[in-house]
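Structure file work12.csv; described as CSV, C-alpha atoms.
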chain,number,residue,atom,x,y,z
A,16,MET,CA,-74.1,9.5,26.7
A,17,ILE,CA,-74.0,10.6,23.1
A,18,ASN,CA,-73.8,7.6,20.7
A,19,GLU,CA,-74.1,9.5,17.4
A,20,ILE,CA,-74.8,12.9,15.9
A,21,HIS,CA,-76.3,14.1,12.6
A,22,ILE,CA,-75.1,17.6,11.6
A,23,GLN,CA,-76.7,19.7,8.9
A,24,ASN,CA,-75.7,23.2,7.7
A,25,PHE,CA,-73.5,23.9,10.8
A,26,ARG,CA,-70.0,25.5,10.3
A,27,CYS,CA,-68.2,23.4,7.7
A,28,PHE,CA,-70.7,20.5,7.9
A,29,GLU,CA,-73.4,20.5,5.1
A,30,ASP,CA,-74.7,17.0,6.0
A,31,THR,CA,-72.6,14.6,8.1
A,32,TRP,CA,-73.3,11.6,10.4
A,33,VAL,CA,-70.8,10.6,13.0
A,34,SER,CA,-71.4,7.5,15.1
A,35,GLY,CA,-69.5,5.3,17.5
A,36,PHE,CA,-68.8,7.7,20.4
A,37,ARG,CA,-67.8,6.2,23.7
A,38,ASN,CA,-66.8,7.5,27.1
A,39,ILE,CA,-63.5,9.1,26.0
A,40,ASN,CA,-63.3,10.4,22.4
A,41,LEU,CA,-60.3,12.0,20.8
A,42,ILE,CA,-60.7,13.8,17.5
A,43,GLY,CA,-57.7,14.3,15.3
A,44,GLY,CA,-56.8,15.6,11.8
A,45,LEU,CA,-55.1,18.3,9.8
A,46,ASN,CA,-55.6,22.0,10.5
A,47,ASN,CA,-59.0,23.3,9.3
A,48,SER,CA,-60.3,19.7,8.9
A,49,GLY,CA,-63.4,20.4,11.1
A,50,LYS,CA,-62.2,19.2,14.6
A,51,THR,CA,-63.3,22.2,16.5
A,52,ALA,CA,-66.6,22.5,14.6
A,53,LEU,CA,-67.4,18.9,15.4
A,54,LEU,CA,-66.6,19.6,19.1
A,55,GLU,CA,-68.9,22.6,19.0
A,56,ALA,CA,-71.7,20.6,17.4
A,57,LEU,CA,-71.4,18.0,20.2
A,58,PHE,CA,-71.4,20.8,22.8
A,59,LEU,CA,-74.6,22.2,21.3
A,60,ALA,CA,-76.2,18.7,21.1
A,61,SER,CA,-75.4,18.1,24.8
A,62,TYR,CA,-76.5,21.5,26.0
A,63,PRO,CA,-79.1,22.8,23.5
A,64,ASN,CA,-80.0,26.2,25.0
A,65,PRO,CA,-79.4,29.9,24.3
A,66,ASN,CA,-76.5,29.9,26.8
A,67,THR,CA,-74.6,27.5,24.5
A,68,PHE,CA,-75.2,29.6,21.4
A,69,ASP,CA,-73.9,32.6,23.3
A,70,LYS,CA,-70.8,30.6,24.3
A,71,LEU,CA,-70.2,29.5,20.7
A,72,ASN,CA,-70.2,33.2,19.7
A,73,GLU,CA,-67.8,34.0,22.5
A,74,LEU,CA,-65.4,31.2,21.6
A,75,ARG,CA,-65.1,32.5,18.0
A,76,LYS,CA,-65.0,36.1,19.2
A,77,GLU,CA,-67.7,37.1,16.8
A,78,ASP,CA,-69.7,39.9,18.4
A,79,SER,CA,-70.6,42.1,15.5
A,80,ARG,CA,-74.2,43.2,15.5
A,81,GLN,CA,-74.6,42.6,11.8
A,82,LYS,CA,-72.6,39.3,11.6
A,83,ARG,CA,-73.3,37.8,15.0
A,84,TRP,CA,-74.3,34.4,13.8
A,85,ASP,CA,-73.0,34.3,10.2
A,86,SER,CA,-70.2,31.7,10.7
A,87,LEU,CA,-72.5,29.2,12.4
A,88,PHE,CA,-74.1,28.5,9.0
A,89,PHE,CA,-72.6,26.4,6.3
A,90,ASN,CA,-71.1,28.8,3.7
A,91,ASN,CA,-72.5,31.7,5.8
A,92,GLN,CA,-75.9,31.1,4.2
A,93,LYS,CA,-77.8,32.2,7.3
A,94,TYR,CA,-80.9,33.4,5.6
A,95,ASN,CA,-81.4,30.5,3.3
A,96,THR,CA,-81.2,27.4,5.5
A,97,LYS,CA,-81.7,25.8,8.9
A,98,ILE,CA,-79.0,24.4,11.2
A,99,LYS,CA,-80.1,21.0,12.4
A,100,ILE,CA,-78.3,18.9,15.0
A,101,ASP,CA,-79.8,15.6,15.8
A,102,CYS,CA,-78.2,13.8,18.8
A,103,VAL,CA,-78.9,10.1,19.6
A,104,ASP,CA,-78.1,8.9,23.1
A,105,GLU,CA,-77.2,5.4,24.4
A,106,ASN,CA,-80.9,4.6,24.7
A,107,GLU,CA,-81.4,5.4,21.0
A,108,LYS,CA,-83.4,8.5,22.0
A,109,SER,CA,-83.1,11.3,19.5
A,110,LYS,CA,-83.1,15.0,20.4
A,111,LEU,CA,-83.3,17.6,17.6
A,112,THR,CA,-82.0,21.2,17.9
A,113,GLU,CA,-82.8,23.7,15.1
A,114,PHE,CA,-81.6,27.3,14.5
A,115,TRP,CA,-82.7,29.6,11.7
A,116,PHE,CA,-83.6,33.2,10.9
A,117,LEU,CA,-87.3,34.0,10.7
A,118,THR,CA,-88.9,35.3,7.6
A,119,ASP,CA,-91.3,38.3,7.7
A,120,ASN,CA,-94.3,36.0,7.6
A,121,GLU,CA,-93.0,33.9,10.5
A,122,ILE,CA,-92.5,37.1,12.5
A,123,SER,CA,-95.9,38.5,11.8
A,124,GLU,CA,-97.5,35.2,12.8
A,125,ASN,CA,-95.9,35.1,16.3
A,126,GLU,CA,-97.8,36.9,19.0
A,127,ASP,CA,-94.7,37.1,21.3
A,128,LEU,CA,-92.9,39.2,18.6
A,129,LEU,CA,-95.6,41.6,17.7
A,130,ARG,CA,-94.8,44.0,20.6
A,131,PHE,CA,-91.5,44.8,18.9
A,132,SER,CA,-91.6,47.6,16.3
A,133,SER,CA,-90.8,46.1,12.9
A,134,ASN,CA,-89.1,49.4,11.9
A,135,ASN,CA,-86.4,48.7,14.5
A,136,ILE,CA,-85.9,45.0,13.9
A,137,LEU,CA,-82.9,43.9,11.7
A,138,GLU,CA,-83.4,40.2,12.2
A,139,ILE,CA,-84.8,37.6,14.5
A,140,ALA,CA,-83.2,34.2,15.1
A,141,CYS,CA,-85.1,31.2,16.4
A,142,LEU,CA,-83.7,28.4,18.4
A,143,LYS,CA,-86.0,25.3,18.5
A,144,ILE,CA,-85.3,22.5,20.9
A,145,GLU,CA,-87.9,19.8,20.4
A,146,ASN,CA,-91.2,21.7,21.2
A,147,ASN,CA,-89.6,24.8,22.8
A,148,LYS,CA,-88.7,28.0,20.9
A,149,TYR,CA,-86.5,30.9,21.9
A,150,PHE,CA,-86.0,34.1,20.0
A,151,HIS,CA,-83.0,36.4,19.7
A,152,ILE,CA,-83.8,39.9,18.4
A,153,ASN,CA,-81.3,42.2,16.7
A,154,SER,CA,-82.6,45.7,16.4
A,155,THR,CA,-81.3,49.1,15.1
A,156,GLU,CA,-81.7,50.6,18.6
A,157,ARG,CA,-80.0,48.0,20.7
A,158,LEU,CA,-78.9,44.4,20.5
A,159,VAL,CA,-81.4,42.4,22.7
A,160,ARG,CA,-79.0,40.0,24.4
A,161,GLU,CA,-81.7,38.2,26.3
A,162,TRP,CA,-83.5,35.4,24.6
A,163,ILE,CA,-87.3,35.8,24.6
A,164,GLY,CA,-88.9,32.8,26.2
A,165,PHE,CA,-85.7,31.9,28.1
A,166,GLY,CA,-86.5,32.5,31.8
A,167,PHE,CA,-84.3,34.4,34.2
A,168,ARG,CA,-83.5,31.4,36.3
A,169,GLU,CA,-82.5,29.5,33.2
A,170,ARG,CA,-80.1,32.3,32.4
A,171,GLU,CA,-78.1,31.7,35.5
A,172,LYS,CA,-75.0,30.3,34.0
A,173,ASN,CA,-72.9,27.5,35.5
A,174,VAL,CA,-69.3,27.1,34.5
A,175,SER,CA,-69.2,26.1,30.8
A,176,SER,CA,-68.0,22.5,30.1
A,177,PHE,CA,-66.2,23.7,27.0
A,178,ILE,CA,-62.5,24.2,27.6
A,179,ALA,CA,-60.9,26.2,24.8
A,180,ASN,CA,-57.4,27.7,24.5
A,181,GLY,CA,-56.3,30.4,27.0
A,182,SER,CA,-58.1,31.3,30.2
A,183,ASN,CA,-61.6,29.8,30.4
A,184,TYR,CA,-62.9,30.6,33.8
A,185,LYS,CA,-62.8,33.5,36.2
A,186,LYS,CA,-60.9,33.2,39.5
A,187,ASN,CA,-64.0,33.0,41.6
A,188,GLN,CA,-65.5,30.3,39.3
A,189,LEU,CA,-62.5,28.0,39.8
A,190,ALA,CA,-62.6,28.7,43.6
A,191,ASP,CA,-66.3,27.7,43.6
A,192,LEU,CA,-65.4,24.5,41.8
A,193,TYR,CA,-62.7,23.7,44.3
A,194,GLU,CA,-65.1,24.2,47.2
A,195,ILE,CA,-67.4,21.7,45.6
A,196,VAL,CA,-64.6,19.2,45.1
A,197,LYS,CA,-63.7,19.6,48.8
A,198,SER,CA,-67.4,19.1,49.8
A,199,LEU,CA,-67.4,15.8,47.8
A,200,ASN,CA,-64.3,14.6,49.6
A,201,ARG,CA,-62.3,14.6,46.4
A,202,LYS,CA,-59.6,17.2,47.2
A,203,GLU,CA,-56.9,14.6,47.8
A,204,ILE,CA,-57.5,13.2,44.3
A,205,PHE,CA,-57.1,16.7,43.0
A,206,HIS,CA,-54.0,17.4,45.0
A,207,ASN,CA,-52.4,14.1,43.8
A,208,ILE,CA,-53.1,15.1,40.2
A,209,LEU,CA,-51.4,18.5,40.8
A,210,HIS,CA,-48.4,16.8,42.3
A,211,ILE,CA,-48.0,14.5,39.3
A,212,PHE,CA,-47.7,17.5,36.9
A,213,ASP,CA,-45.6,19.6,39.3
A,214,PRO,CA,-43.9,17.7,42.2
A,215,LYS,CA,-43.3,21.0,44.0
A,216,ILE,CA,-47.1,21.5,44.5
A,217,LYS,CA,-48.4,20.1,47.8
A,218,GLU,CA,-52.0,21.1,47.7
A,219,ALA,CA,-54.5,23.9,46.8
A,220,THR,CA,-56.2,26.4,49.0
A,221,ILE,CA,-58.6,29.3,48.7
A,222,GLY,CA,-57.3,32.9,48.9
A,223,SER,CA,-58.7,36.3,48.2
A,224,ASP,CA,-57.8,38.8,45.5
A,225,GLU,CA,-59.4,42.2,45.5
A,226,GLY,CA,-62.4,40.9,47.3
A,227,TYR,CA,-62.8,37.8,45.0
A,228,SER,CA,-62.0,34.2,45.9
A,229,ASN,CA,-59.2,32.6,44.0
A,230,ILE,CA,-57.2,29.4,44.1
A,231,LYS,CA,-53.7,29.4,45.5
A,232,LEU,CA,-51.3,26.5,45.2
A,233,VAL,CA,-49.2,25.6,48.3
A,234,LEU,CA,-45.6,24.5,47.6
A,235,ALA,CA,-43.6,21.9,49.5
A,236,ASP,CA,-41.8,24.6,51.4
A,237,GLY,CA,-45.1,26.1,52.6
A,238,THR,CA,-45.3,29.1,50.4
A,239,GLU,CA,-48.5,30.0,48.6
A,240,ARG,CA,-48.6,31.2,45.0
A,241,ALA,CA,-51.6,32.4,43.0
A,242,LEU,CA,-52.6,30.1,40.2
A,243,GLY,CA,-52.0,32.9,37.7
A,244,LEU,CA,-48.3,32.7,38.5
A,245,PHE,CA,-48.0,29.2,37.2
A,246,GLY,CA,-47.7,28.2,33.5
A,247,ASP,CA,-50.4,27.3,31.0
A,248,ALA,CA,-50.1,23.6,31.8
A,249,ILE,CA,-51.0,23.8,35.5
A,250,ARG,CA,-53.9,26.2,34.8
A,251,LYS,CA,-55.3,23.8,32.1
A,252,ILE,CA,-54.9,20.8,34.5
A,253,VAL,CA,-56.7,22.7,37.2
A,254,GLU,CA,-59.5,23.7,34.9
A,255,ILE,CA,-60.0,20.2,33.4
A,256,PHE,CA,-59.9,18.2,36.6
A,257,LEU,CA,-61.8,20.6,38.8
A,258,LEU,CA,-64.6,20.6,36.2
A,259,ALA,CA,-64.5,16.8,36.2
A,260,LEU,CA,-64.3,16.2,39.9
A,261,SER,CA,-66.9,18.8,40.8
A,262,ASN,CA,-69.7,16.9,39.0
A,263,ASN,CA,-70.5,20.3,37.3
A,264,SER,CA,-71.0,18.5,34.0
A,265,LYS,CA,-71.4,14.9,32.8
A,266,THR,CA,-70.0,15.8,29.4
A,267,ILE,CA,-66.7,17.8,29.0
A,268,PHE,CA,-65.3,19.3,25.8
A,269,ILE,CA,-61.6,20.1,25.4
A,270,ASP,CA,-60.3,21.9,22.3
A,271,GLU,CA,-56.6,21.3,21.4
A,272,VAL,CA,-56.0,19.2,24.5
A,273,GLU,CA,-52.3,19.1,24.1
A,274,ASN,CA,-51.7,22.8,24.5
A,275,GLY,CA,-49.6,23.7,27.5
A,276,ILE,CA,-49.0,20.1,28.5
A,277,HIS,CA,-45.5,18.7,27.9
A,278,SER,CA,-45.2,15.6,25.9
A,279,THR,CA,-43.6,13.7,28.7
A,280,LYS,CA,-46.8,14.1,30.7
A,281,HIS,CA,-49.3,13.2,28.0
A,282,GLN,CA,-49.7,9.6,29.0
A,283,GLU,CA,-50.1,10.4,32.7
A,284,PHE,CA,-52.7,13.0,31.7
A,285,TRP,CA,-54.8,10.5,29.8
A,286,GLU,CA,-54.4,7.8,32.5
A,287,LYS,CA,-55.9,10.2,35.1
A,288,LEU,CA,-58.6,11.4,32.8
A,289,PHE,CA,-59.6,7.8,32.0
A,290,GLU,CA,-59.6,7.1,35.7
A,291,ILE,CA,-61.8,10.1,36.6
A,292,SER,CA,-64.2,9.4,33.7
A,293,ALA,CA,-64.7,5.8,34.8
A,294,MET,CA,-65.1,6.7,38.4
A,295,LEU,CA,-67.7,9.5,37.8
A,296,ASP,CA,-69.3,8.2,34.5
A,297,ILE,CA,-68.2,11.3,32.5
A,298,GLN,CA,-68.2,11.4,28.7
A,299,ILE,CA,-65.3,13.4,27.3
A,300,PHE,CA,-64.6,14.8,23.8
A,301,ALA,CA,-61.2,16.3,22.9
A,302,THR,CA,-59.4,17.5,19.8
A,303,THR,CA,-55.7,17.4,19.0
A,304,HIS,CA,-53.3,17.8,16.1
A,305,SER,CA,-50.4,16.3,18.2
A,306,LEU,CA,-49.0,12.9,17.2
A,307,GLU,CA,-47.5,12.6,20.7
A,308,MET,CA,-50.9,13.2,22.3
A,309,ILE,CA,-52.5,10.5,20.1
A,310,GLN,CA,-49.7,8.0,20.9
A,311,ALA,CA,-50.1,8.7,24.6
A,312,PHE,CA,-53.9,8.3,24.3
A,313,THR,CA,-53.4,4.9,22.7
A,314,LYS,CA,-50.9,3.7,25.3
A,315,ALA,CA,-53.0,4.8,28.2
A,316,ALA,CA,-56.2,3.2,26.7
A,317,LYS,CA,-54.5,-0.1,25.8
A,318,ASP,CA,-55.9,-3.1,27.7
A,319,LYS,CA,-57.7,-1.3,30.5
A,320,TYR,CA,-59.9,1.2,28.7
A,321,GLU,CA,-60.1,-0.1,25.2
A,322,ASP,CA,-63.8,-0.6,25.3
A,323,LYS,CA,-64.4,2.9,26.6
A,324,THR,CA,-62.3,4.9,24.0
A,325,MET,CA,-62.5,5.9,20.4
A,326,TYR,CA,-60.4,8.0,18.1
A,327,PHE,CA,-62.0,9.9,15.2
A,328,LYS,CA,-60.0,10.9,12.1
A,329,MET,CA,-61.4,14.0,10.3
A,330,GLY,CA,-61.3,13.7,6.5
A,331,SER,CA,-63.3,14.4,3.4
A,332,GLN,CA,-65.4,12.2,1.2
A,333,PRO,CA,-65.7,13.0,-2.6
A,334,LEU,CA,-69.2,13.2,-4.0
A,335,LYS,CA,-70.4,13.9,-7.5
A,336,THR,CA,-70.3,17.7,-7.3
A,337,ARG,CA,-68.7,18.4,-3.9
A,338,THR,CA,-66.9,16.9,-1.0
A,339,ARG,CA,-68.3,16.1,2.4
A,340,ILE,CA,-66.5,16.2,5.7
A,341,ILE,CA,-66.5,12.9,7.6
A,342,ALA,CA,-65.1,11.6,10.9
A,343,SER,CA,-63.9,8.0,10.7
A,344,PRO,CA,-63.8,6.1,14.0
A,345,LEU,CA,-60.8,4.0,14.9
A,346,SER,CA,-60.7,1.6,17.9
A,347,VAL,CA,-57.5,1.5,20.0
A,348,ASP,CA,-56.3,-1.6,18.1
A,349,LEU,CA,-56.8,0.0,14.7
A,350,LEU,CA,-55.3,3.2,15.9
A,351,GLU,CA,-52.2,1.4,17.2
A,352,HIS,CA,-51.7,-0.4,13.9
A,353,ASN,CA,-52.2,2.9,11.9
A,354,LEU,CA,-49.9,5.0,13.9
A,355,LEU,CA,-46.8,6.0,12.0
A,356,PRO,CA,-43.8,7.9,13.4
A,357,VAL,CA,-44.5,11.1,11.4
A,358,ASN,CA,-46.3,14.3,12.1
A,359,LEU,CA,-50.1,14.4,11.2
A,360,THR,CA,-49.4,17.0,8.6
A,361,ALA,CA,-46.7,15.0,6.8
A,362,LYS,CA,-47.2,12.8,3.8
A,363,TYR,CA,-48.6,9.8,5.5
A,364,PRO,CA,-51.3,10.9,8.0
A,365,LEU,CA,-53.5,8.5,9.9
A,366,LYS,CA,-55.9,6.6,7.7

What is this file in structure tokens?
Amino acid sequence: MINEIHIQNFRCFEDTWVSGFRNINLIGGLNNSGKTALLEALFLASYPNPNTFDKLNELRKEDSRQKRWDSLFFNNQKYNTKIKIDCVDENEKSKLTEFWFLTDNEISENEDLLRFSSNNILEIACLKIENNKYFHINSTERLVREWIGFGFREREKNVSSFIANGSNYKKNQLADLYEIVKSLNRKEIFHNILHIFDPKIKEATIGSDEGYSNIKLVLADGTERALGLFGDAIRKIVEIFLLALSNNSKTIFIDEVENGIHSTKHQEFWEKLFEISAMLDIQIFATTHSLEMIQAFTKAAKDKYEDKTMYFKMGSQPLKTRTRIIASPLSVDLLEHNLLPVNLTAKYPLK
């Protein structure tokens, strides 16, 4: 479990420490306050490998050959600095991930890179994880999408544990997760969750769509409907809880967790997520800008899960020549006393 993280030169973070993480962590704040960037840094700290860097690029929809990694760096200074993310776990063990662009001297001194013609190379990025290095080459002839040093078997991708807005997984990926949930004898838990959010849904089953497996939901009258015919809320619930119940990942990241879920279901959502997290020992990080979601988080955590939850308020700290983004932890008790019946973007935000 992640206890704290030190972020340098990543996205909007020049140099920021965040500590106090627990099993369930909710990150709030104004728009453009760094919520998603913190979530991405935690994602990278949990899964420091080239697949994660590719996923970060995909999430921001930045696939330009010339500017593929620009926005990863603080102030877009990708040729002048290193990204460093130091993750400290519950056993106080540190794991450092670094990412930077190689100089000509660094390239010429690396035997693995000498086989590439320097005339065709635009830039080479290096990802260093403890003592392992992986290289991503951008050339004039073609964009080398494979990472040198990252083996074929390592490139076999599981379902990502980062749940963003919109559709995150292919139909067959969700079907595969459901098969795992069934094999672990957890399908009744999953069906119960579906029923909470839509009482008309009785259970899930596996169907076929143009040769690919997909999930269908069975209604109380026996009819089956493809998952795509349901609204955003049901699809999001399916994605989150299949990912959790399948043991596909011990750490889950949910950006803008409130999207698609009606406010009347927020507390039940958190109660079920707390329950699954405790049952399977999963650490969860989520972002929100919804006051209703924060209030529901507080009510669901009160008494039973207080020692396992933490809220983080994004803000800024003035320094002599600049400001630094910070994330201030608030326990359930402090959060309860600081909650005001106004929107987070109003005059009196959470302090």

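Note that the spacing between CA of Met308 in chain A and CA of Ile100 in chain A amounts to 28.9 Å.
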
Any idea what's packed within 12 Å of Glu121 in chain A, counting all atoms listed in the file, ignoring anything in its chain fewer than 3 positions away? Could you give it as a list in words? Trp115, Phe116, Leu117, Thr118, Glu124, Asn125, Glu126, Asp127, Leu128, Leu129, Glu138, Ile139, Ala140, Cys141 and Phe150 of chain A

Who sits within 12 Å of Asn38 in chain A, only C-alpha atoms, same chain under 3 positions skipped, as a PyMOL selection string: chain A and resi 16-18+35+41+105+265-268+288-301+316+320-326

Closest atom pairs, range 238-311 of chain A residues within 12 Å of range 343-348 of chain A, all atoms listed in the file, as CSV:
residue,atom,partner,partner_atom,distance
A:Ile309,CA,A:Val347,CA,10.3
A:Gln310,CA,A:Val347,CA,10.2
A:Ala311,CA,A:Val347,CA,11.3

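When all atoms listed in the file are used to measure the gap to Ile22 in chain A, the shortest distance among A:Asp213, A:Lys202, A:Arg339, A:Gly222 belongs to A:Arg339.
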
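Closest approach to Ser228 in chain A among A:Gly275, A:Lys50, A:Ala190, A:Phe245: A:Ala190, based on all atoms listed in the file.
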
Can you work out which one of A:Asp247, A:Glu225, A:Asp270, A:Asp191 has the shortest atom-to-atom distance to Val174 in chain A, counting only C-alpha atoms? A:Asp191

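Between Ser305 in chain A and the residues A:Leu334, A:Ile252, A:Leu244, A:Leu45, the shortest atom-to-atom distance, using only C-alpha atoms, involves A:Leu45.
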
Test item: which residues lie within 6 Å of (-58.3, 13.3, 5.7) counting all atoms listed in the file, as a PyMOL selection string: chain A and resi 329-331

Selection above as a file: C-alpha atoms, as a PDB file, in the frame of the given file:
ATOM      1  CA  MET A 329     -61.400  14.000  10.300  1.00  0.00           C
ATOM      2  CA  GLY A 330     -61.300  13.700   6.500  1.00  0.00           C
ATOM      3  CA  SER A 331     -63.300  14.400   3.400  1.00  0.00           C
TER       4      SER A 331
END

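Our summary of the geometry notes that CA of Phe165 in chain A is positioned 6.3 Å from CA of Tyr149 in chain A.
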
Have a look at A:Lys287, A:Lys110, A:Arg83, A:Lys280 and name the one nearest to Ile255 in chain A; count all atoms listed in the file. A:Lys287

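One distance worth recording is that between CA of His281 in chain A and CA of Leu232 in chain A, which is 21.8 Å.
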
Who sits within 8 Å of Cys102 in chain A, only C-alpha atoms, same chain under 4 positions skipped, as a VMD selection string: chain A and resid 17 to 21 60 to 61 109 to 111

Kindly compute an axis-aligned box around the listed atoms of range 326-343 of chain A, allowing 3 Å on each side, and express its centre and edge lengths in Å to one decimal as JSON.
{"center_x": -65.2, "center_y": 13.2, "center_z": 5.3, "size_x": 16.4, "size_y": 16.4, "size_z": 31.6}

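If you measure from each of A:Gly49, A:Gly237, A:Gly44, A:Pro65 to Phe89 in chain A using only C-alpha atoms, the closest one turns out to be A:Gly49.
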
Just want the 12 Å neighbourhood of Ile269 in chain A, counted on all atoms listed in the file, with same-chain residues fewer than 5 positions away dropped. Output as a VMD selection string. chain A and resid 39 to 42 50 to 51 53 to 55 57 to 58 175 to 181 183 251 to 252 254 to 256 258 to 259 274 288 298 to 303
